[in-house]
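Participant: Next comes input_15.cif, mmCIF, N, CA and C atoms:
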```
data_my_file
#
loop_
_atom_site.label_atom_id
_atom_site.label_comp_id
_atom_site.auth_asym_id
_atom_site.auth_seq_id
_atom_site.Cartn_x
_atom_site.Cartn_y
_atom_site.Cartn_z
N MET A 5 25.55 -20.40 -1.69
CA MET A 5 25.06 -20.79 -3.00
C MET A 5 24.27 -19.64 -3.61
N ILE A 6 24.52 -19.34 -4.84
CA ILE A 6 23.84 -18.28 -5.55
C ILE A 6 22.64 -18.86 -6.27
N SER A 7 21.51 -18.14 -6.17
CA SER A 7 20.33 -18.59 -6.90
C SER A 7 19.75 -17.40 -7.65
N THR A 8 18.99 -17.69 -8.66
CA THR A 8 18.36 -16.66 -9.47
C THR A 8 16.87 -16.93 -9.51
N THR A 9 16.10 -15.88 -9.36
CA THR A 9 14.65 -15.99 -9.46
C THR A 9 14.20 -15.11 -10.61
N VAL A 10 13.38 -15.64 -11.46
CA VAL A 10 12.84 -14.90 -12.59
C VAL A 10 11.36 -14.64 -12.31
N PHE A 11 10.95 -13.39 -12.45
CA PHE A 11 9.56 -13.01 -12.22
C PHE A 11 8.89 -12.77 -13.55
N ASN A 12 7.58 -13.01 -13.59
CA ASN A 12 6.83 -12.86 -14.83
C ASN A 12 6.61 -11.42 -15.24
N ASN A 13 6.63 -10.51 -14.24
CA ASN A 13 6.38 -9.11 -14.55
C ASN A 13 6.90 -8.24 -13.41
N PRO A 14 7.00 -6.93 -13.62
CA PRO A 14 7.52 -6.03 -12.59
C PRO A 14 6.69 -6.04 -11.29
N ASN A 15 5.38 -6.25 -11.40
CA ASN A 15 4.54 -6.27 -10.21
C ASN A 15 4.88 -7.45 -9.30
N GLU A 16 5.11 -8.61 -9.89
CA GLU A 16 5.51 -9.78 -9.09
C GLU A 16 6.85 -9.53 -8.41
N LEU A 17 7.76 -8.92 -9.11
CA LEU A 17 9.06 -8.59 -8.54
C LEU A 17 8.89 -7.63 -7.36
N ALA A 18 8.13 -6.56 -7.55
CA ALA A 18 7.92 -5.57 -6.48
C ALA A 18 7.29 -6.22 -5.26
N GLN A 19 6.32 -7.09 -5.45
CA GLN A 19 5.66 -7.78 -4.34
C GLN A 19 6.66 -8.65 -3.58
N ALA A 20 7.46 -9.39 -4.31
CA ALA A 20 8.44 -10.27 -3.66
C ALA A 20 9.50 -9.46 -2.90
N VAL A 21 9.95 -8.36 -3.49
CA VAL A 21 10.95 -7.51 -2.84
C VAL A 21 10.37 -6.89 -1.57
N ALA A 22 9.15 -6.41 -1.65
CA ALA A 22 8.50 -5.81 -0.47
C ALA A 22 8.38 -6.84 0.65
N GLN A 23 7.89 -8.01 0.33
CA GLN A 23 7.73 -9.07 1.33
C GLN A 23 9.07 -9.46 1.95
N ARG A 24 10.06 -9.66 1.12
CA ARG A 24 11.38 -10.07 1.61
C ARG A 24 12.01 -8.98 2.47
N THR A 25 11.82 -7.73 2.09
CA THR A 25 12.36 -6.62 2.88
C THR A 25 11.76 -6.62 4.28
N ILE A 26 10.46 -6.77 4.38
CA ILE A 26 9.82 -6.79 5.69
C ILE A 26 10.34 -7.97 6.51
N GLU A 27 10.46 -9.13 5.90
CA GLU A 27 10.97 -10.30 6.61
C GLU A 27 12.40 -10.07 7.10
N ASP A 28 13.24 -9.51 6.26
CA ASP A 28 14.64 -9.27 6.64
C ASP A 28 14.74 -8.21 7.74
N LEU A 29 13.90 -7.18 7.67
CA LEU A 29 13.91 -6.17 8.73
C LEU A 29 13.42 -6.77 10.04
N GLN A 30 12.39 -7.61 9.98
CA GLN A 30 11.92 -8.30 11.19
C GLN A 30 13.03 -9.16 11.79
N ASP A 31 13.74 -9.89 10.96
CA ASP A 31 14.84 -10.74 11.44
C ASP A 31 15.93 -9.89 12.10
N ALA A 32 16.26 -8.76 11.51
CA ALA A 32 17.29 -7.89 12.08
C ALA A 32 16.85 -7.35 13.44
N ILE A 33 15.60 -6.95 13.55
CA ILE A 33 15.08 -6.45 14.83
C ILE A 33 15.14 -7.56 15.88
N TYR A 34 14.76 -8.76 15.49
CA TYR A 34 14.80 -9.89 16.41
C TYR A 34 16.25 -10.17 16.86
N THR A 35 17.17 -10.13 15.93
CA THR A 35 18.57 -10.46 16.21
C THR A 35 19.32 -9.34 16.93
N HIS A 36 19.12 -8.09 16.50
CA HIS A 36 19.92 -6.97 16.98
C HIS A 36 19.15 -5.94 17.81
N GLY A 37 17.84 -6.03 17.81
CA GLY A 37 17.03 -5.04 18.51
C GLY A 37 16.70 -3.84 17.66
N SER A 38 17.29 -3.75 16.48
CA SER A 38 17.01 -2.68 15.53
C SER A 38 17.38 -3.18 14.14
N ALA A 39 17.03 -2.37 13.13
CA ALA A 39 17.37 -2.71 11.75
C ALA A 39 17.79 -1.44 11.03
N VAL A 40 18.68 -1.60 10.06
CA VAL A 40 19.09 -0.47 9.21
C VAL A 40 18.76 -0.85 7.78
N TRP A 41 17.96 0.01 7.13
CA TRP A 41 17.53 -0.21 5.76
C TRP A 41 18.07 0.93 4.91
N CYS A 42 18.86 0.60 3.91
CA CYS A 42 19.42 1.58 2.99
C CYS A 42 18.58 1.57 1.71
N LEU A 43 17.90 2.68 1.46
CA LEU A 43 17.03 2.81 0.31
C LEU A 43 17.82 3.05 -0.97
N ALA A 44 17.20 2.71 -2.07
CA ALA A 44 17.76 3.03 -3.39
C ALA A 44 17.00 4.23 -3.93
N GLY A 45 17.64 4.99 -4.77
CA GLY A 45 16.98 6.11 -5.41
C GLY A 45 16.50 5.73 -6.78
N GLY A 46 15.95 6.68 -7.46
CA GLY A 46 15.48 6.45 -8.82
C GLY A 46 14.10 5.81 -8.85
N SER A 47 13.69 5.38 -10.01
CA SER A 47 12.34 4.86 -10.19
C SER A 47 12.20 3.37 -9.91
N THR A 48 13.30 2.64 -9.92
CA THR A 48 13.24 1.18 -9.77
C THR A 48 12.47 0.73 -8.52
N PRO A 49 12.72 1.30 -7.34
CA PRO A 49 12.08 0.77 -6.13
C PRO A 49 10.67 1.29 -5.84
N MET A 50 10.16 2.22 -6.62
CA MET A 50 8.92 2.88 -6.25
C MET A 50 7.74 1.93 -6.10
N ALA A 51 7.61 0.94 -6.96
CA ALA A 51 6.48 0.01 -6.85
C ALA A 51 6.55 -0.78 -5.55
N ALA A 52 7.75 -1.18 -5.14
CA ALA A 52 7.89 -1.92 -3.88
C ALA A 52 7.60 -1.02 -2.69
N TYR A 53 8.02 0.26 -2.75
CA TYR A 53 7.68 1.20 -1.68
C TYR A 53 6.16 1.32 -1.55
N GLU A 54 5.47 1.39 -2.67
CA GLU A 54 4.01 1.50 -2.66
C GLU A 54 3.38 0.27 -2.00
N ILE A 55 3.90 -0.90 -2.29
CA ILE A 55 3.35 -2.13 -1.71
C ILE A 55 3.59 -2.16 -0.20
N ILE A 56 4.78 -1.76 0.22
CA ILE A 56 5.06 -1.72 1.66
C ILE A 56 4.10 -0.75 2.34
N ALA A 57 3.90 0.42 1.76
CA ALA A 57 2.99 1.42 2.35
C ALA A 57 1.56 0.90 2.40
N ARG A 58 1.16 0.17 1.41
CA ARG A 58 -0.22 -0.31 1.32
C ARG A 58 -0.46 -1.56 2.15
N GLU A 59 0.52 -2.47 2.20
CA GLU A 59 0.27 -3.79 2.77
C GLU A 59 1.03 -4.13 4.05
N PHE A 60 2.14 -3.44 4.34
CA PHE A 60 3.01 -3.92 5.41
C PHE A 60 3.30 -2.93 6.53
N LEU A 61 2.63 -1.80 6.58
CA LEU A 61 2.94 -0.81 7.61
C LEU A 61 2.73 -1.35 9.02
N ARG A 62 1.79 -2.23 9.20
CA ARG A 62 1.48 -2.77 10.53
C ARG A 62 2.27 -4.04 10.86
N ASP A 63 3.07 -4.51 9.94
CA ASP A 63 3.79 -5.77 10.14
C ASP A 63 5.15 -5.60 10.80
N LEU A 64 5.50 -4.38 11.16
CA LEU A 64 6.85 -4.11 11.64
C LEU A 64 6.80 -2.99 12.67
N ASP A 65 7.68 -3.07 13.68
CA ASP A 65 7.84 -1.96 14.62
C ASP A 65 8.81 -0.98 13.98
N TRP A 66 8.27 -0.03 13.25
CA TRP A 66 9.09 0.90 12.48
C TRP A 66 9.93 1.81 13.37
N SER A 67 9.58 1.93 14.66
CA SER A 67 10.39 2.75 15.56
C SER A 67 11.77 2.13 15.79
N LYS A 68 11.95 0.90 15.38
CA LYS A 68 13.24 0.21 15.53
C LYS A 68 14.01 0.13 14.23
N VAL A 69 13.52 0.80 13.20
CA VAL A 69 14.15 0.75 11.88
C VAL A 69 14.79 2.10 11.56
N TYR A 70 16.09 2.08 11.29
CA TYR A 70 16.81 3.26 10.81
C TYR A 70 16.76 3.22 9.30
N ILE A 71 16.38 4.33 8.69
CA ILE A 71 16.26 4.39 7.24
C ILE A 71 17.27 5.41 6.73
N ILE A 72 18.12 4.94 5.81
CA ILE A 72 19.12 5.79 5.18
C ILE A 72 18.97 5.65 3.67
N ILE A 73 19.72 6.42 2.92
CA ILE A 73 19.64 6.31 1.46
C ILE A 73 21.05 6.22 0.89
N GLY A 74 21.19 5.41 -0.12
CA GLY A 74 22.51 5.16 -0.68
C GLY A 74 22.89 6.06 -1.84
N ASP A 75 21.92 6.62 -2.52
CA ASP A 75 22.26 7.40 -3.71
C ASP A 75 21.31 8.58 -3.90
N GLU A 76 21.46 9.56 -3.02
CA GLU A 76 20.66 10.77 -3.15
C GLU A 76 21.37 11.77 -4.05
N ARG A 77 20.61 12.55 -4.74
CA ARG A 77 21.16 13.60 -5.59
C ARG A 77 21.36 14.86 -4.75
N SER A 78 22.29 15.70 -5.14
CA SER A 78 22.55 16.95 -4.43
C SER A 78 21.62 18.02 -4.98
N VAL A 79 20.35 17.93 -4.58
CA VAL A 79 19.31 18.86 -5.01
C VAL A 79 18.47 19.23 -3.79
N PRO A 80 17.72 20.32 -3.87
CA PRO A 80 16.82 20.64 -2.76
C PRO A 80 15.83 19.50 -2.50
N LEU A 81 15.42 19.37 -1.26
CA LEU A 81 14.52 18.28 -0.89
C LEU A 81 13.19 18.35 -1.64
N ASP A 82 12.76 19.53 -2.01
CA ASP A 82 11.48 19.64 -2.72
C ASP A 82 11.61 19.45 -4.23
N SER A 83 12.81 19.16 -4.72
CA SER A 83 13.02 18.94 -6.15
C SER A 83 12.43 17.60 -6.59
N HIS A 84 11.88 17.56 -7.78
CA HIS A 84 11.38 16.29 -8.31
C HIS A 84 12.51 15.30 -8.58
N ASP A 85 13.76 15.78 -8.57
CA ASP A 85 14.92 14.91 -8.76
C ASP A 85 15.42 14.30 -7.45
N SER A 86 14.85 14.68 -6.32
CA SER A 86 15.27 14.15 -5.03
C SER A 86 14.74 12.73 -4.84
N SER A 87 15.64 11.79 -4.71
CA SER A 87 15.23 10.40 -4.46
C SER A 87 14.53 10.29 -3.12
N TRP A 88 15.01 11.04 -2.12
CA TRP A 88 14.37 10.99 -0.80
C TRP A 88 12.93 11.48 -0.89
N LYS A 89 12.71 12.56 -1.64
CA LYS A 89 11.35 13.09 -1.78
C LYS A 89 10.44 12.03 -2.40
N GLN A 90 10.93 11.33 -3.41
CA GLN A 90 10.12 10.30 -4.06
C GLN A 90 9.73 9.21 -3.06
N ALA A 91 10.71 8.74 -2.28
CA ALA A 91 10.43 7.71 -1.28
C ALA A 91 9.52 8.24 -0.19
N ASP A 92 9.71 9.52 0.18
CA ASP A 92 8.89 10.12 1.23
C ASP A 92 7.44 10.23 0.79
N THR A 93 7.23 10.63 -0.44
CA THR A 93 5.87 10.80 -0.95
C THR A 93 5.11 9.48 -0.94
N ILE A 94 5.80 8.41 -1.23
CA ILE A 94 5.15 7.10 -1.33
C ILE A 94 5.12 6.35 0.00
N LEU A 95 6.21 6.41 0.79
CA LEU A 95 6.33 5.55 1.97
C LEU A 95 6.75 6.27 3.24
N LEU A 96 7.83 7.00 3.20
CA LEU A 96 8.45 7.50 4.43
C LEU A 96 7.55 8.40 5.26
N GLN A 97 6.67 9.13 4.62
CA GLN A 97 5.77 10.01 5.36
C GLN A 97 4.90 9.26 6.36
N TYR A 98 4.72 7.96 6.18
CA TYR A 98 3.89 7.15 7.06
C TYR A 98 4.68 6.52 8.21
N LEU A 99 5.99 6.71 8.20
CA LEU A 99 6.87 6.07 9.18
C LEU A 99 7.41 7.10 10.16
N PRO A 100 7.83 6.64 11.36
CA PRO A 100 8.41 7.58 12.32
C PRO A 100 9.62 8.30 11.72
N ARG A 101 9.70 9.60 11.94
CA ARG A 101 10.78 10.40 11.37
C ARG A 101 12.08 10.30 12.16
N ALA A 102 12.00 9.88 13.42
CA ALA A 102 13.16 9.93 14.32
C ALA A 102 14.38 9.19 13.78
N HIS A 103 14.17 8.09 13.06
CA HIS A 103 15.30 7.30 12.58
C HIS A 103 15.50 7.39 11.07
N GLN A 104 14.97 8.43 10.45
CA GLN A 104 15.19 8.65 9.03
C GLN A 104 16.39 9.59 8.88
N VAL A 105 17.42 9.10 8.22
CA VAL A 105 18.67 9.86 8.10
C VAL A 105 18.97 10.05 6.61
N ARG A 106 19.02 11.30 6.19
CA ARG A 106 19.28 11.59 4.78
C ARG A 106 20.31 12.70 4.68
N PRO A 107 20.97 12.81 3.56
CA PRO A 107 21.91 13.92 3.37
C PRO A 107 21.18 15.25 3.42
N ALA A 108 21.81 16.23 4.02
CA ALA A 108 21.23 17.57 4.07
C ALA A 108 21.16 18.15 2.66
N SER A 109 20.07 18.82 2.36
CA SER A 109 19.91 19.39 1.03
C SER A 109 20.24 20.88 1.01
N ASN A 110 20.58 21.44 2.16
CA ASN A 110 20.86 22.87 2.22
C ASN A 110 22.36 23.17 2.37
N LEU A 111 23.20 22.17 2.13
CA LEU A 111 24.65 22.33 2.24
C LEU A 111 25.29 22.08 0.88
N THR A 112 26.55 22.48 0.75
CA THR A 112 27.28 22.11 -0.47
C THR A 112 27.40 20.60 -0.51
N PRO A 113 27.59 20.01 -1.67
CA PRO A 113 27.73 18.56 -1.73
C PRO A 113 28.82 18.03 -0.80
N GLU A 114 29.94 18.71 -0.72
CA GLU A 114 31.03 18.25 0.14
C GLU A 114 30.63 18.29 1.61
N ASP A 115 30.01 19.41 2.04
CA ASP A 115 29.58 19.54 3.43
C ASP A 115 28.45 18.57 3.75
N ALA A 116 27.55 18.37 2.79
CA ALA A 116 26.46 17.42 3.00
C ALA A 116 27.00 16.01 3.17
N ALA A 117 28.01 15.64 2.38
CA ALA A 117 28.61 14.31 2.49
C ALA A 117 29.27 14.13 3.85
N ALA A 118 30.01 15.12 4.30
CA ALA A 118 30.68 15.04 5.61
C ALA A 118 29.65 14.96 6.74
N ASP A 119 28.59 15.76 6.64
CA ASP A 119 27.53 15.74 7.66
C ASP A 119 26.82 14.39 7.67
N TYR A 120 26.52 13.86 6.49
CA TYR A 120 25.83 12.56 6.38
C TYR A 120 26.71 11.46 6.98
N GLU A 121 27.99 11.48 6.65
CA GLU A 121 28.91 10.49 7.21
C GLU A 121 28.91 10.56 8.73
N SER A 122 28.94 11.75 9.27
CA SER A 122 28.94 11.93 10.72
C SER A 122 27.67 11.33 11.35
N ARG A 123 26.54 11.56 10.71
CA ARG A 123 25.28 11.02 11.25
C ARG A 123 25.18 9.52 11.05
N LEU A 124 25.72 8.99 9.95
CA LEU A 124 25.73 7.54 9.74
C LEU A 124 26.59 6.85 10.79
N ASN A 125 27.67 7.51 11.21
CA ASN A 125 28.56 6.93 12.21
C ASN A 125 27.91 6.77 13.57
N LYS A 126 26.74 7.34 13.76
CA LYS A 126 26.01 7.22 15.03
C LYS A 126 24.97 6.10 15.00
N LEU A 127 24.84 5.44 13.88
CA LEU A 127 23.85 4.37 13.73
C LEU A 127 24.44 3.04 14.21
N PRO A 128 23.58 2.01 14.34
CA PRO A 128 24.06 0.72 14.83
C PRO A 128 25.22 0.16 13.99
N THR A 129 26.16 -0.44 14.68
CA THR A 129 27.33 -1.01 14.03
C THR A 129 27.48 -2.48 14.39
N LYS A 130 28.30 -3.14 13.62
CA LYS A 130 28.74 -4.50 13.92
C LYS A 130 30.24 -4.50 13.71
N LYS A 131 30.98 -4.78 14.77
CA LYS A 131 32.44 -4.75 14.74
C LYS A 131 32.95 -3.38 14.28
N GLY A 132 32.25 -2.32 14.72
CA GLY A 132 32.69 -0.97 14.44
C GLY A 132 32.34 -0.43 13.07
N ILE A 133 31.61 -1.20 12.28
CA ILE A 133 31.24 -0.78 10.93
C ILE A 133 29.71 -0.67 10.86
N LEU A 134 29.23 0.37 10.19
CA LEU A 134 27.79 0.54 10.04
C LEU A 134 27.15 -0.77 9.62
N ARG A 135 26.16 -1.19 10.38
CA ARG A 135 25.45 -2.44 10.07
C ARG A 135 24.26 -2.10 9.18
N ILE A 136 24.30 -2.52 7.94
CA ILE A 136 23.17 -2.34 7.03
C ILE A 136 22.53 -3.71 6.86
N ASP A 137 21.29 -3.83 7.31
CA ASP A 137 20.61 -5.12 7.29
C ASP A 137 19.91 -5.38 5.95
N VAL A 138 19.41 -4.35 5.35
CA VAL A 138 18.79 -4.46 4.03
C VAL A 138 19.32 -3.32 3.17
N LEU A 139 19.89 -3.66 2.04
CA LEU A 139 20.48 -2.68 1.14
C LEU A 139 19.83 -2.84 -0.24
N TRP A 140 19.14 -1.82 -0.65
CA TRP A 140 18.54 -1.81 -1.98
C TRP A 140 19.45 -1.05 -2.92
N LEU A 141 19.67 -1.59 -4.09
CA LEU A 141 20.46 -0.94 -5.13
C LEU A 141 19.59 -0.73 -6.35
N GLY A 142 19.61 0.46 -6.89
CA GLY A 142 18.87 0.73 -8.11
C GLY A 142 19.64 0.21 -9.31
N VAL A 143 18.92 -0.06 -10.36
CA VAL A 143 19.58 -0.55 -11.58
C VAL A 143 19.21 0.32 -12.78
N GLY A 144 18.77 1.55 -12.49
CA GLY A 144 18.35 2.44 -13.57
C GLY A 144 19.52 3.01 -14.24
#
```
Can you present the structure in this file as structure tokens?

Facilitator:
Amino acid sequence: MISTTVFNNPNELAQAVAQRTIEDLQDAIYTHGSAVWCLAGGSTPMAAYEIIAREFLRDLDWSKVYIIIGDERSVPLDSHDSSWKQADTILLQYLPRAHQVRPASNLTPEDAAADYESRLNKLPTKKGILRIDVLWLGVG
């Protein structure tokens, strides 16, 4: 069944998304022993990343969470256009680095895509397909 929730403002939305993300990651860890979270790029998720960093860092065993990104730009990691850098500045810097998987920024786009695919293929799967437990999509 499909349902729709309407929030009064962006802050309420960010709070609800942050809370639900932590709950879903906890459920995945309980069910599978690990969780895979695919981040969104752009400005849409930043408020929720801030809430997770501020309120939920202790609510999860982050060493069991693999973090990937779904829409990174082909720019140097230190570029203000890097979605990974934006997420890192707000949230990822506080989490274990061992399971953070991002496209290489020092390769051509084609080589970076092939390298990223190779590293994604080493992450947890379900029936041979990458298991993504939480997938954020930007709407910018």

Participant: Distance atom C of Leu134 in chain A-CA of Ala18 in chain A, one decimal place?

Facilitator: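 Between atom C of Leu134 in chain A and CA of Ala18 in chain A the gap works out to 25.5 Å.
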
Participant: Fewer than 5 positions away in the same chain doesn't count, so skip those; otherwise give me all residues within 8 Å of Leu99 in chain A, counting all atoms listed in the file, as a list in words.

Facilitator: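 Everything that qualifies: Trp66, Ser67 and Gln104 of chain A.
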
Participant: For atom C of Asp137 in chain A and atom C of Asp63 in chain A, quote the distance in Å rounded to one decimal.

Facilitator: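 Those two atoms sit 15.5 Å apart.
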
Participant: Taking the DSSP assignment computed from this structure's backbone, write out as an MDAnalysis selection string all residues of chain A that belong to strand (DSSP E or B).

Facilitator: chainID A and resid 39:43 69:73 104 129:130 133:134 138:139

Participant: Between A:Val10, A:Leu96, A:Ala117, A:Ile71, which residue has the minimum interatomic distance to Leu43 in chain A, considering only N, CA and C atoms?

Facilitator: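 The closest residue to Leu43 in chain A is A:Ile71.
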
Participant: Have a look at atom N of Val138 in chain A and CA of Ala52 in chain A and let me know their distance in Å, one decimal.

Facilitator: 15.0 Å

Participant: When you count all atoms listed in the file, which of these residues is closest to Glu76 in chain A: A:Ala44, A:Ala91, A:Met50, A:Ile26?

Facilitator: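 For Glu76 in chain A, the nearest of the candidates is A:Ala44.
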
Participant: Specify as a compact mmCIF listing (two decimals) with N, CA and C atoms, in the coordinates of the input each residue included when the PyMOL selection byres ((chain A and resi 70) around 8) is applied to this file.

Facilitator:
```txt
# COMPACT_ATOMS: atom_id res chain seq x y z
N SER A 38 17.29 -3.75 16.48
CA SER A 38 17.01 -2.68 15.53
C SER A 38 17.38 -3.18 14.14
N ALA A 39 17.03 -2.37 13.13
CA ALA A 39 17.37 -2.71 11.75
C ALA A 39 17.79 -1.44 11.03
N VAL A 40 18.68 -1.60 10.06
CA VAL A 40 19.09 -0.47 9.21
C VAL A 40 18.76 -0.85 7.78
N TRP A 41 17.96 0.01 7.13
CA TRP A 41 17.53 -0.21 5.76
C TRP A 41 18.07 0.93 4.91
N CYS A 42 18.86 0.60 3.91
CA CYS A 42 19.42 1.58 2.99
C CYS A 42 18.58 1.57 1.71
N LEU A 43 17.90 2.68 1.46
CA LEU A 43 17.03 2.81 0.31
C LEU A 43 17.82 3.05 -0.97
N TRP A 66 8.27 -0.03 13.25
CA TRP A 66 9.09 0.90 12.48
C TRP A 66 9.93 1.81 13.37
N SER A 67 9.58 1.93 14.66
CA SER A 67 10.39 2.75 15.56
C SER A 67 11.77 2.13 15.79
N LYS A 68 11.95 0.90 15.38
CA LYS A 68 13.24 0.21 15.53
C LYS A 68 14.01 0.13 14.23
N VAL A 69 13.52 0.80 13.20
CA VAL A 69 14.15 0.75 11.88
C VAL A 69 14.79 2.10 11.56
N ILE A 71 16.38 4.33 8.69
CA ILE A 71 16.26 4.39 7.24
C ILE A 71 17.27 5.41 6.73
N ILE A 72 18.12 4.94 5.81
CA ILE A 72 19.12 5.79 5.18
C ILE A 72 18.97 5.65 3.67
N ILE A 73 19.72 6.42 2.92
CA ILE A 73 19.64 6.31 1.46
C ILE A 73 21.05 6.22 0.89
N ALA A 102 12.00 9.88 13.42
CA ALA A 102 13.16 9.93 14.32
C ALA A 102 14.38 9.19 13.78
N HIS A 103 14.17 8.09 13.06
CA HIS A 103 15.30 7.30 12.58
C HIS A 103 15.50 7.39 11.07
N GLN A 104 14.97 8.43 10.45
CA GLN A 104 15.19 8.65 9.03
C GLN A 104 16.39 9.59 8.88
N VAL A 105 17.42 9.10 8.22
CA VAL A 105 18.67 9.86 8.10
C VAL A 105 18.97 10.05 6.61
N LEU A 127 24.84 5.44 13.88
CA LEU A 127 23.85 4.37 13.73
C LEU A 127 24.44 3.04 14.21
N PRO A 128 23.58 2.01 14.34
CA PRO A 128 24.06 0.72 14.83
C PRO A 128 25.22 0.16 13.99
```

Participant: Please identify all polymer residues within 6 Å of Ser109 in chain A, counting all atoms listed in the file, omitting same-chain residues fewer than 6 positions from it, and present them as JSON, numbers by chain.

Facilitator: {"A": [79, 80, 81]}

Participant: Mind telling me what the PyMOL selection byres ((chain A and resi 47) around 8) catches here, as a list in words?

Facilitator: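 Applying the expression gives Ala44, Gly45, Gly46, Thr48, Pro49, Met50, Ala51, Ala52, Ser87, Gly142, Val143 and Gly144 of chain A.
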
Participant: Quick one: everything within 6.5 Å of Ile94 in chain A, counting only N, CA and C atoms, minus sequence neighbours fewer than 4 positions away in the same chain. Send it as a tab-separated table (two decimals) with N, CA and C atoms, in the coordinates of the input.

Facilitator:
```tsv
chain	number	residue	atom	x	y	z
A	53	TYR	N	8.02	0.26	-2.75
A	53	TYR	CA	7.68	1.20	-1.68
A	53	TYR	C	6.16	1.32	-1.55
A	54	GLU	N	5.47	1.39	-2.67
A	54	GLU	CA	4.01	1.50	-2.66
A	54	GLU	C	3.38	0.27	-2.00
A	57	ALA	N	3.90	0.42	1.76
A	57	ALA	CA	2.99	1.42	2.35
A	57	ALA	C	1.56	0.90	2.40
A	89	LYS	N	12.71	12.56	-1.64
A	89	LYS	CA	11.35	13.09	-1.78
A	89	LYS	C	10.44	12.03	-2.40
A	90	GLN	N	10.93	11.33	-3.41
A	90	GLN	CA	10.12	10.30	-4.06
A	90	GLN	C	9.73	9.21	-3.06
A	98	TYR	N	4.72	7.96	6.18
A	98	TYR	CA	3.89	7.15	7.06
A	98	TYR	C	4.68	6.52	8.21
```

Participant: For Ile56 in chain A, which of A:Gln19, A:Ser78, A:Leu29, A:Ser83 is the closest residue, counting only C-alpha atoms?

Facilitator: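 For Ile56 in chain A, the nearest of the candidates is A:Gln19.
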
Participant: Could you give me, as a list in words, each residue of range 53-125 of chain A that DSSP assigns to alpha helix (DSSP H) when run on this structure's backbone?

Facilitator: Tyr53, Glu54, Ile55, Ile56, Ala57, Arg58, Glu59, Ser87, Trp88, Lys89, Gln90, Ala91, Asp92, Thr93, Ile94, Pro113, Glu114, Asp115, Ala116, Ala117, Ala118, Asp119, Tyr120, Glu121, Ser122, Arg123 and Leu124 of chain A

Participant: If you keep N, CA and C atoms, can you produce a file of those selected residues as a compact mmCIF listing (two decimals), in the coordinates of the input?

Facilitator:
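Saved result, out-v8.txt, follows:
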```txt
# COMPACT_ATOMS: atom_id res chain seq x y z
N TYR A 53 8.02 0.26 -2.75
CA TYR A 53 7.68 1.20 -1.68
C TYR A 53 6.16 1.32 -1.55
N GLU A 54 5.47 1.39 -2.67
CA GLU A 54 4.01 1.50 -2.66
C GLU A 54 3.38 0.27 -2.00
N ILE A 55 3.90 -0.90 -2.29
CA ILE A 55 3.35 -2.13 -1.71
C ILE A 55 3.59 -2.16 -0.20
N ILE A 56 4.78 -1.76 0.22
CA ILE A 56 5.06 -1.72 1.66
C ILE A 56 4.10 -0.75 2.34
N ALA A 57 3.90 0.42 1.76
CA ALA A 57 2.99 1.42 2.35
C ALA A 57 1.56 0.90 2.40
N ARG A 58 1.16 0.17 1.41
CA ARG A 58 -0.22 -0.31 1.32
C ARG A 58 -0.46 -1.56 2.15
N GLU A 59 0.52 -2.47 2.20
CA GLU A 59 0.27 -3.79 2.77
C GLU A 59 1.03 -4.13 4.05
N SER A 87 15.64 11.79 -4.71
CA SER A 87 15.23 10.40 -4.46
C SER A 87 14.53 10.29 -3.12
N TRP A 88 15.01 11.04 -2.12
CA TRP A 88 14.37 10.99 -0.80
C TRP A 88 12.93 11.48 -0.89
N LYS A 89 12.71 12.56 -1.64
CA LYS A 89 11.35 13.09 -1.78
C LYS A 89 10.44 12.03 -2.40
N GLN A 90 10.93 11.33 -3.41
CA GLN A 90 10.12 10.30 -4.06
C GLN A 90 9.73 9.21 -3.06
N ALA A 91 10.71 8.74 -2.28
CA ALA A 91 10.43 7.71 -1.28
C ALA A 91 9.52 8.24 -0.19
N ASP A 92 9.71 9.52 0.18
CA ASP A 92 8.89 10.12 1.23
C ASP A 92 7.44 10.23 0.79
N THR A 93 7.23 10.63 -0.44
CA THR A 93 5.87 10.80 -0.95
C THR A 93 5.11 9.48 -0.94
N ILE A 94 5.80 8.41 -1.23
CA ILE A 94 5.15 7.10 -1.33
C ILE A 94 5.12 6.35 0.00
N PRO A 113 27.59 20.01 -1.67
CA PRO A 113 27.73 18.56 -1.73
C PRO A 113 28.82 18.03 -0.80
N GLU A 114 29.94 18.71 -0.72
CA GLU A 114 31.03 18.25 0.14
C GLU A 114 30.63 18.29 1.61
N ASP A 115 30.01 19.41 2.04
CA ASP A 115 29.58 19.54 3.43
C ASP A 115 28.45 18.57 3.75
N ALA A 116 27.55 18.37 2.79
CA ALA A 116 26.46 17.42 3.00
C ALA A 116 27.00 16.01 3.17
N ALA A 117 28.01 15.64 2.38
CA ALA A 117 28.61 14.31 2.49
C ALA A 117 29.27 14.13 3.85
N ALA A 118 30.01 15.12 4.30
CA ALA A 118 30.68 15.04 5.61
C ALA A 118 29.65 14.96 6.74
N ASP A 119 28.59 15.76 6.64
CA ASP A 119 27.53 15.74 7.66
C ASP A 119 26.82 14.39 7.67
N TYR A 120 26.52 13.86 6.49
CA TYR A 120 25.83 12.56 6.38
C TYR A 120 26.71 11.46 6.98
N GLU A 121 27.99 11.48 6.65
CA GLU A 121 28.91 10.49 7.21
C GLU A 121 28.91 10.56 8.73
N SER A 122 28.94 11.75 9.27
CA SER A 122 28.94 11.93 10.72
C SER A 122 27.67 11.33 11.35
N ARG A 123 26.54 11.56 10.71
CA ARG A 123 25.28 11.02 11.25
C ARG A 123 25.18 9.52 11.05
N LEU A 124 25.72 8.99 9.95
CA LEU A 124 25.73 7.54 9.74
C LEU A 124 26.59 6.85 10.79
```

Participant: Env of Asp119 in chain A: 12 Å cut, atoms = only C-alpha atoms, seq-sep filter 4 positions within chain, self excluded. Answer as a PyMOL selection string.

Facilitator: chain A and resi 105-115+123-126
